[in-house]
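Below you'll find the structure, written out as structure tokens, and then a few comments.
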Amino acid sequence: MTLVSELDKFDQLFKQHLNSSIKATLRWVTATAVNWDEQTMIATDSDDLPYHDVLLGVTTTVVKPVLNTDCLIAIVEGDEATAFLLYADEAELIQFNGGSNGGLTITPTLVENLEKNNAILEAILNVFKGSQIMEPGNGSPSALQTALKTAVTGKELGDFSKIENDKITH
């Protein structure tokens, strides 16, 4: 082996060693521009050094920071071109799994509206289950009321007391 090839091999091994010892660097920055379509942002640090194409998330969770908010980014293995958002002081949107299921429900509003529906159903059930309504003209029991009473017998109204999962709140 020549000296040049030995030096090349040493250089390659030394670079591998350096790369393996640099894991990630954390940096506080300010979000200056957001490209939601590409799910990236431009941010600047306290020295106004720009960081371009900072990923807004990794895999299942993506955060759209409010412009000019403080953010914490991770720089992977010392490569400042490979950075992703870890935290934002303020978020305009937080999206899980591509957002295909829509937004999270506002549980108190949902329960309030479901209870309104239950109240209407209870009023209808009271008519069905109440005093027998007679058919006009012949005085026999209402066939419709009898059929509906049979259809709802044994059915329960919805119970919304355990609808909320408080492990994820918003």
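Just remember, in the structure tokens the first chain shown is A, the second B, etc., residues are 1-based per chain, and ligands are 1-based in the order shown.
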
**Prompt:** Counting only C-alpha atoms, what is within 12 Å of range 64-72 of chain A, bar same-chain residues fewer than 3 positions away, as number ranges by chain?
**Reply:** A: 25-46, 51, 54-57, 61, 75, 83-96

**Expected answer as a ChimeraX atom specification: alpha helix (DSSP H) residues in chain A** = /A:3-21,107-129,143-152

**Request:** List every residue of range 24-154 of chain A that DSSP, applied to the backbone, labels as strand (DSSP E), and write the result as a PyMOL selection string.
**Result:** chain A and resi 24-35+40-44+50-55+57-58+61-65+70-76+83-88+91-96

**Message:** I'd like the contact shell of range 125-130 of chain A - 7 Å cut-off, only C-alpha atoms, skipping same-chain residues fewer than 2 positions apart - returned as JSON, numbers by chain.
**Reply:** {"A": [121, 122, 123, 132, 145, 148, 149]}

**Item:** Contact residues around range 157-160 of chain A with only C-alpha atoms at 12 Å, ignoring same-chain residues under 3 positions, as a PyMOL selection string
**Value:** chain A and resi 107-125+152-154+163-165

Export, as a PDB file, in the first residue's frame, the selected residues with N, CA and C atoms.
ATOM      1  N   THR A 107     -65.421  17.871  23.304  1.00  0.00           N
ATOM      2  CA  THR A 107     -66.301  16.958  24.035  1.00  0.00           C
ATOM      3  C   THR A 107     -67.452  17.659  24.753  1.00  0.00           C
ATOM      4  N   PRO A 108     -67.248  18.754  25.479  1.00  0.00           N
ATOM      5  CA  PRO A 108     -68.404  19.380  26.139  1.00  0.00           C
ATOM      6  C   PRO A 108     -69.491  19.801  25.143  1.00  0.00           C
ATOM      7  N   THR A 109     -69.105  20.314  23.983  1.00  0.00           N
ATOM      8  CA  THR A 109     -70.084  20.700  22.966  1.00  0.00           C
ATOM      9  C   THR A 109     -70.782  19.480  22.405  1.00  0.00           C
ATOM     10  N   LEU A 110     -70.036  18.419  22.152  1.00  0.00           N
ATOM     11  CA  LEU A 110     -70.618  17.175  21.640  1.00  0.00           C
ATOM     12  C   LEU A 110     -71.634  16.613  22.637  1.00  0.00           C
ATOM     13  N   VAL A 111     -71.259  16.526  23.894  1.00  0.00           N
ATOM     14  CA  VAL A 111     -72.159  15.987  24.919  1.00  0.00           C
ATOM     15  C   VAL A 111     -73.411  16.857  25.037  1.00  0.00           C
ATOM     16  N   GLU A 112     -73.239  18.172  25.020  1.00  0.00           N
ATOM     17  CA  GLU A 112     -74.392  19.086  25.106  1.00  0.00           C
ATOM     18  C   GLU A 112     -75.388  18.819  23.969  1.00  0.00           C
ATOM     19  N   ASN A 113     -74.891  18.658  22.757  1.00  0.00           N
ATOM     20  CA  ASN A 113     -75.771  18.422  21.619  1.00  0.00           C
ATOM     21  C   ASN A 113     -76.373  17.021  21.632  1.00  0.00           C
ATOM     22  N   LEU A 114     -75.621  16.034  22.069  1.00  0.00           N
ATOM     23  CA  LEU A 114     -76.178  14.686  22.183  1.00  0.00           C
ATOM     24  C   LEU A 114     -77.273  14.641  23.254  1.00  0.00           C
ATOM     25  N   GLU A 115     -77.091  15.384  24.339  1.00  0.00           N
ATOM     26  CA  GLU A 115     -78.114  15.437  25.381  1.00  0.00           C
ATOM     27  C   GLU A 115     -79.387  16.129  24.878  1.00  0.00           C
ATOM     28  N   LYS A 116     -79.241  17.130  23.988  1.00  0.00           N
ATOM     29  CA  LYS A 116     -80.415  17.759  23.363  1.00  0.00           C
ATOM     30  C   LYS A 116     -81.178  16.715  22.539  1.00  0.00           C
ATOM     31  N   ASN A 117     -80.444  15.900  21.773  1.00  0.00           N
ATOM     32  CA  ASN A 117     -81.090  14.837  20.992  1.00  0.00           C
ATOM     33  C   ASN A 117     -81.777  13.836  21.904  1.00  0.00           C
ATOM     34  N   ASN A 118     -81.143  13.483  23.009  1.00  0.00           N
ATOM     35  CA  ASN A 118     -81.768  12.567  23.974  1.00  0.00           C
ATOM     36  C   ASN A 118     -83.065  13.164  24.528  1.00  0.00           C
ATOM     37  N   ALA A 119     -83.072  14.464  24.798  1.00  0.00           N
ATOM     38  CA  ALA A 119     -84.269  15.109  25.330  1.00  0.00           C
ATOM     39  C   ALA A 119     -85.423  15.011  24.323  1.00  0.00           C
ATOM     40  N   ILE A 120     -85.138  15.221  23.052  1.00  0.00           N
ATOM     41  CA  ILE A 120     -86.174  15.095  22.014  1.00  0.00           C
ATOM     42  C   ILE A 120     -86.661  13.646  21.940  1.00  0.00           C
ATOM     43  N   LEU A 121     -85.737  12.702  21.972  1.00  0.00           N
ATOM     44  CA  LEU A 121     -86.127  11.288  21.923  1.00  0.00           C
ATOM     45  C   LEU A 121     -86.962  10.894  23.138  1.00  0.00           C
ATOM     46  N   GLU A 122     -86.603  11.408  24.310  1.00  0.00           N
ATOM     47  CA  GLU A 122     -87.390  11.110  25.515  1.00  0.00           C
ATOM     48  C   GLU A 122     -88.819  11.637  25.372  1.00  0.00           C
ATOM     49  N   ALA A 123     -88.969  12.827  24.812  1.00  0.00           N
ATOM     50  CA  ALA A 123     -90.305  13.396  24.617  1.00  0.00           C
ATOM     51  C   ALA A 123     -91.114  12.522  23.663  1.00  0.00           C
ATOM     52  N   ILE A 124     -90.502  12.062  22.584  1.00  0.00           N
ATOM     53  CA  ILE A 124     -91.191  11.181  21.628  1.00  0.00           C
ATOM     54  C   ILE A 124     -91.540   9.857  22.305  1.00  0.00           C
ATOM     55  N   LEU A 125     -90.605   9.307  23.062  1.00  0.00           N
ATOM     56  CA  LEU A 125     -90.863   8.035  23.751  1.00  0.00           C
ATOM     57  C   LEU A 125     -92.009   8.170  24.746  1.00  0.00           C
ATOM     58  N   VAL A 152     -89.862   0.458  20.252  1.00  0.00           N
ATOM     59  CA  VAL A 152     -88.911   1.088  21.168  1.00  0.00           C
ATOM     60  C   VAL A 152     -88.803   0.387  22.513  1.00  0.00           C
ATOM     61  N   THR A 153     -89.645  -0.583  22.766  1.00  0.00           N
ATOM     62  CA  THR A 153     -89.610  -1.283  24.042  1.00  0.00           C
ATOM     63  C   THR A 153     -88.257  -1.982  24.207  1.00  0.00           C
ATOM     64  N   GLY A 154     -87.625  -1.765  25.346  1.00  0.00           N
ATOM     65  CA  GLY A 154     -86.330  -2.392  25.645  1.00  0.00           C
ATOM     66  C   GLY A 154     -85.123  -1.611  25.146  1.00  0.00           C
ATOM     67  N   ILE A 163     -67.765   9.366  27.439  1.00  0.00           N
ATOM     68  CA  ILE A 163     -67.422   9.631  26.049  1.00  0.00           C
ATOM     69  C   ILE A 163     -66.030  10.255  25.907  1.00  0.00           C
ATOM     70  N   GLU A 164     -65.522  10.851  26.970  1.00  0.00           N
ATOM     71  CA  GLU A 164     -64.271  11.608  26.862  1.00  0.00           C
ATOM     72  C   GLU A 164     -63.074  10.765  27.293  1.00  0.00           C
ATOM     73  N   ASN A 165     -62.052  10.769  26.425  1.00  0.00           N
ATOM     74  CA  ASN A 165     -60.766  10.145  26.737  1.00  0.00           C
ATOM     75  C   ASN A 165     -59.819  11.275  27.130  1.00  0.00           C
TER      76      ASN A 165
END

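Going from CA of Ser131 in chain A over to CA of Lys155 in chain A, you cover 19.1 Å.
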
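With only C-alpha atoms as the atoms that count, the residue of A:Ala147, A:Ile106, A:Ser140, A:Leu49 with the shortest distance to Asp166 in chain A is A:Ile106.
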
**Message:** Let me make sure I understand: among A:Ala24, A:Leu104, A:Ile168, A:Val63, which one has the smallest atom-to-atom distance to Gly78 in chain A if we use only C-alpha atoms?
**Reply:**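 That would be A:Ala24, the residue with the smallest distance to Gly78 in chain A.
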
**Prompt:** What is the CA of Gly98 in chain A to CA of Val62 in chain A distance in Å?
**Reply:** 8.2 Å

**Prompt:** For the atom pair CA of Ile133 in chain A and CA of Thr146 in chain A, what is the interatomic distance in Å to one decimal place?
**Reply:**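 It comes out at 9.1 Å.
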